[in-house]
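Have a look at the structure below before the remarks.
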Amino acid sequence: MRQLILSAFLLLAGIGCTAGGQAVRAEPGSPTAFRVDVRGHGRPMILIPGFGSSGEVWDGVVAHYQDRFECHILTLAGFAGAPASEEGAVMPLVREQLAAYVAAHHLDKPVVVGHSMGGVIALSLAAEHPEAVGQLVVVDSLPFLPAANDPSATPSSMSEMALGFRNLLVSQPLDQRRAYERRVLPTLISDKDKVEIALDWVMKSEGRTLGQAFYEMMTTDLRPALGRIQAPALVMGSWAGTPGATRASVEQAFHSQYAGLSGARITLADRARHFIMWDDPSWLMKQMDSFL
């Protein structure tokens with residue numbers, strides 16, 4: 001499946017993280033892999049942004065829910081100007097520290113919402129720490145990104161390419177990054193003003209973190225872990241702006257990748273590109289309202 005999601009990760013750009021993940025030490029209540037902004041009151045909701053994005057990407061969603069939910073909005077270390085972590089891993093560290101954060105703050109079965117790379121982290125959290133997730137909302141993300149374009153792909157077969165891109169992103173001059181982002185971001189976001197916001201975030205992101213996170217995304221296959229997820233799940237995808245794609249082909253790809261997630265509700269936005277929360281917020285919140 002889909003060029004749009006692949007472009008998103010190429011655009012916003014590592015220890016390879018597999019379904020089980022590796023043991024990563026986390027200090028409860030004092031995360032280093034992300035910062036948290038808490039707003040609202042009520043049932044807990046955790047919102048995880050994608051590659052290179054600030055937690056501000058969820059501002060519209062938070063405004064909609066903060067009178068009913070206590071929103072814990074993450075910005076990952078090294079992204080959008082947040083100080084980078086000294087640890088090597090990105091996604092497994094976020095997952096383990098987030099599980100510790102949920103326990104330390106006594107968050108009872110929170111709703112966990114993730115966009116893009118944040119969706120993969122949310123899936124991994126729900127599989128490895130089912131007690132930490134009450135309901136799961138995944139926004140335009142897949143359990144194994146490379147299979148979107150190559151169904152025969154495996155973490156092993158993607159490793160060399162992913163390592164090459166990790167090294168490139170670490171050393172890429174900022175002017176080259178900016179030029180590439182300006183070409184690709186409009187395929188992911190419809191609003192020109194929002195494109196500028198996303199561009200600012202990714203330009204403020206640390207190259208090492210982008211490279212490592214890209215490597216992890218390309219070598220992480222969560223499909224075998226989906227059966228361990230106990231939380232009810234809503235999966236929202238998009239297909240607008242995807243070169244050569246049809247709604248039917250994208251829908252089939254989502255259903256194929258999420259076949260192991262029993263009872264998942266899968267639905268596609270028709271007017272939104274990759275950043276659904278920006279391109280069609282009313283549709284996204286209608287789906288979430290019904291699910292929650």
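By convention in this document, the chains of the structure tokens carry letters A, B, ... by their order, each chain's residues are numbered from 1, and ligands are numbered from 1 in the order they are shown.
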
Point to revise | All strand (DSSP E) residues (DSSP, backbone) inside region 95-284 of chain A, as a list in words | key: Val111, Val112, Val113, Gly114, His115, Gln135, Leu136, Val137, Val138, Val139, Ala233, Leu234, Val235, Met236, Gly237, Ser238, Arg265, Ile266, Thr267, Leu268 and Ala269 of chain A

Point to revise | Spatial neighbours of Gln172 (chain A), max dist 12 Å, only C-alpha atoms, sep filter under 2 positions, as a VMD selection string | key: chain A and resid 13 164 to 170 174 to 180 203 206 to 208 210 to 211

Saved selection, atoms kept: N, CA, C and O atoms, as a short mmCIF file (atom, residue, chain, number, x, y, z; two decimals), in the first residue's frame:
data_model
loop_
_atom_site.label_atom_id
_atom_site.label_comp_id
_atom_site.auth_asym_id
_atom_site.auth_seq_id
_atom_site.Cartn_x
_atom_site.Cartn_y
_atom_site.Cartn_z
N ALA A 13 11.51 12.37 7.61
CA ALA A 13 12.82 12.10 8.07
C ALA A 13 13.63 13.30 7.49
O ALA A 13 13.63 13.88 7.00
N GLY A 164 20.80 2.98 5.21
CA GLY A 164 21.31 4.02 4.32
C GLY A 164 20.57 5.33 4.48
O GLY A 164 21.18 6.41 4.54
N PHE A 165 19.24 5.25 4.60
CA PHE A 165 18.45 6.47 4.79
C PHE A 165 18.70 7.08 6.17
O PHE A 165 18.71 8.30 6.32
N ARG A 166 18.90 6.22 7.17
CA ARG A 166 19.20 6.76 8.50
C ARG A 166 20.47 7.60 8.44
O ARG A 166 20.52 8.73 8.95
N ASN A 167 21.50 7.06 7.81
CA ASN A 167 22.76 7.79 7.72
C ASN A 167 22.62 9.07 6.92
O ASN A 167 23.23 10.10 7.25
N LEU A 168 21.81 9.02 5.86
CA LEU A 168 21.59 10.20 5.04
C LEU A 168 20.90 11.30 5.85
O LEU A 168 21.30 12.47 5.81
N LEU A 169 19.85 10.93 6.57
CA LEU A 169 19.09 11.92 7.32
C LEU A 169 19.90 12.54 8.45
O LEU A 169 19.71 13.70 8.81
N VAL A 170 20.81 11.77 9.01
CA VAL A 170 21.66 12.29 10.08
C VAL A 170 22.57 13.38 9.56
O VAL A 170 22.82 14.39 10.25
N LEU A 174 20.65 21.17 6.05
CA LEU A 174 19.31 21.67 6.29
C LEU A 174 18.66 22.25 5.04
O LEU A 174 17.45 22.17 4.87
N ASP A 175 19.45 22.85 4.15
CA ASP A 175 18.85 23.42 2.95
C ASP A 175 18.29 22.31 2.05
O ASP A 175 17.26 22.48 1.39
N GLN A 176 18.94 21.16 2.03
CA GLN A 176 18.43 20.04 1.26
C GLN A 176 17.16 19.48 1.89
O GLN A 176 16.22 19.11 1.19
N ARG A 177 17.15 19.40 3.21
CA ARG A 177 15.94 18.93 3.89
C ARG A 177 14.76 19.85 3.59
O ARG A 177 13.66 19.41 3.27
N ARG A 178 15.01 21.16 3.69
CA ARG A 178 13.94 22.13 3.44
C ARG A 178 13.41 22.01 2.01
O ARG A 178 12.19 22.04 1.78
N ALA A 179 14.30 21.87 1.04
CA ALA A 179 13.87 21.77 -0.36
C ALA A 179 13.01 20.53 -0.58
O ALA A 179 12.00 20.57 -1.29
N TYR A 180 13.40 19.41 0.04
CA TYR A 180 12.64 18.18 -0.12
C TYR A 180 11.27 18.30 0.55
O TYR A 180 10.24 17.91 -0.01
N MET A 203 11.88 21.17 10.30
CA MET A 203 13.17 21.84 10.23
C MET A 203 13.79 22.02 11.62
O MET A 203 15.00 22.12 11.76
N GLU A 206 15.68 17.17 15.15
CA GLU A 206 17.09 16.76 15.11
C GLU A 206 17.28 15.65 14.09
O GLU A 206 16.54 14.66 14.06
N GLY A 207 18.31 15.77 13.25
CA GLY A 207 18.56 14.81 12.20
C GLY A 207 18.79 13.39 12.70
O GLY A 207 18.31 12.42 12.10
N ARG A 208 19.52 13.26 13.81
CA ARG A 208 19.79 11.92 14.34
C ARG A 208 18.49 11.22 14.74
O ARG A 208 18.30 10.04 14.48
N LEU A 210 15.42 11.89 13.60
CA LEU A 210 14.66 11.58 12.39
C LEU A 210 15.21 10.32 11.73
O LEU A 210 14.45 9.44 11.32
N GLY A 211 16.53 10.23 11.63
CA GLY A 211 17.13 9.07 10.99
C GLY A 211 16.87 7.78 11.74
O GLY A 211 16.53 6.75 11.15
#

Could you give me, as a tab-separated table, a per-residue list for region 114-220 of chain A showing, wherever an atom lies at most 8 Å from an atom of region 63-79 of chain A, the closest pair of atoms and their distance in Å to one decimal, using only C-alpha atoms and sorting by chain then residue number from low to high?
residue	atom	partner	partner_atom	distance
A:Trp201	CA	A:Phe79	CA	7.2
A:Val202	CA	A:Phe79	CA	7.0
A:Lys204	CA	A:Phe79	CA	6.9
A:Ser205	CA	A:Phe79	CA	4.3
A:Glu206	CA	A:Gly78	CA	5.2
A:Thr209	CA	A:Gly78	CA	5.7
A:Leu210	CA	A:Phe79	CA	7.8

Selection above as a file: N, CA, C and O atoms, as a tab-separated table (two decimals), in the first residue's frame:
chain	number	residue	atom	x	y	z
A	201	TRP	N	8.17	22.68	11.91
A	201	TRP	CA	8.41	21.61	12.89
A	201	TRP	C	9.52	20.67	12.45
A	201	TRP	O	10.42	20.35	13.22
A	202	VAL	N	9.46	20.24	11.19
A	202	VAL	CA	10.45	19.26	10.76
A	202	VAL	C	11.83	19.88	10.63
A	202	VAL	O	12.85	19.23	10.87
A	204	LYS	N	12.96	22.05	12.65
A	204	LYS	CA	13.45	22.16	14.02
A	204	LYS	C	13.76	20.80	14.64
A	204	LYS	O	14.22	20.72	15.78
A	205	SER	N	13.49	19.72	13.90
A	205	SER	CA	13.73	18.38	14.42
A	205	SER	C	15.19	18.01	14.25
A	205	SER	O	15.87	18.46	13.31
A	206	GLU	N	15.68	17.17	15.15
A	206	GLU	CA	17.09	16.76	15.11
A	206	GLU	C	17.28	15.65	14.09
A	206	GLU	O	16.54	14.66	14.06
A	209	THR	N	17.60	11.98	15.38
A	209	THR	CA	16.32	11.40	15.82
A	209	THR	C	15.47	11.03	14.61
A	209	THR	O	14.85	9.95	14.58
A	210	LEU	N	15.42	11.89	13.60
A	210	LEU	CA	14.66	11.58	12.39
A	210	LEU	C	15.21	10.32	11.73
A	210	LEU	O	14.45	9.44	11.32

Point to revise | In region 23-272 of chain A, DSSP helix (DSSP H, G or I) residues written as a count of residues only | key: 117

Compile a residue-level contact table for region 66-137 of chain A against region 29-50 of chain A at a cut-off of 9 Å, reporting for every qualifying residue the shortest atom pair and its distance in Å to one decimal, with only C-alpha atoms counted, rows ordered by chain and ascending number, as CSV.
residue,atom,partner,partner_atom,distance
A:Gln66,CA,A:Gly40,CA,4.1
A:Asp67,CA,A:Gly40,CA,5.7
A:Arg68,CA,A:Gly42,CA,5.0
A:Phe69,CA,A:Gly42,CA,4.2
A:Glu70,CA,A:His41,CA,4.0
A:Cys71,CA,A:Met45,CA,4.8
A:His72,CA,A:Val38,CA,4.6
A:Ile73,CA,A:Leu47,CA,4.9
A:Leu74,CA,A:Val36,CA,4.7
A:Thr75,CA,A:Arg35,CA,5.5
A:Leu76,CA,A:Phe34,CA,4.2
A:Ala77,CA,A:Phe34,CA,4.8
A:Gly78,CA,A:Ala33,CA,8.5
A:Ala82,CA,A:Arg35,CA,7.8
A:Pro83,CA,A:Phe34,CA,8.9
A:Ala84,CA,A:Ala33,CA,7.9
A:Ser85,CA,A:Ala33,CA,5.9
A:Glu86,CA,A:Thr32,CA,8.5
A:Glu87,CA,A:Ala33,CA,8.3
A:Val90,CA,A:Ala33,CA,7.3
A:Met91,CA,A:Ala33,CA,8.7
A:Leu93,CA,A:Ala33,CA,6.3
A:Val94,CA,A:Ala33,CA,5.3
A:Arg95,CA,A:Ala33,CA,8.9
A:Gln97,CA,A:Pro31,CA,5.8
A:Leu98,CA,A:Pro31,CA,7.6
A:Ala100,CA,A:Gly29,CA,6.6
A:Tyr101,CA,A:Gly29,CA,4.9
A:Val102,CA,A:Gly29,CA,8.2
A:Ala103,CA,A:Gly29,CA,8.2
A:Ala104,CA,A:Gly29,CA,5.4
A:His105,CA,A:Gly29,CA,7.0
A:Leu107,CA,A:Pro44,CA,6.3
A:Asp108,CA,A:Pro44,CA,7.2
A:Lys109,CA,A:Pro44,CA,7.6
A:Pro110,CA,A:Pro44,CA,4.8
A:Val111,CA,A:Met45,CA,4.6
A:Val112,CA,A:Ile46,CA,4.8
A:Val113,CA,A:Leu47,CA,4.8
A:Gly114,CA,A:Ile48,CA,4.6
A:His115,CA,A:Gly50,CA,5.2
A:Ser116,CA,A:Gly50,CA,4.8
A:Met117,CA,A:Gly50,CA,4.6
A:Gly118,CA,A:Gly50,CA,4.8
A:Gly119,CA,A:Ile48,CA,7.4
A:Ile121,CA,A:Ile48,CA,8.0
A:Ala122,CA,A:Ile48,CA,7.7
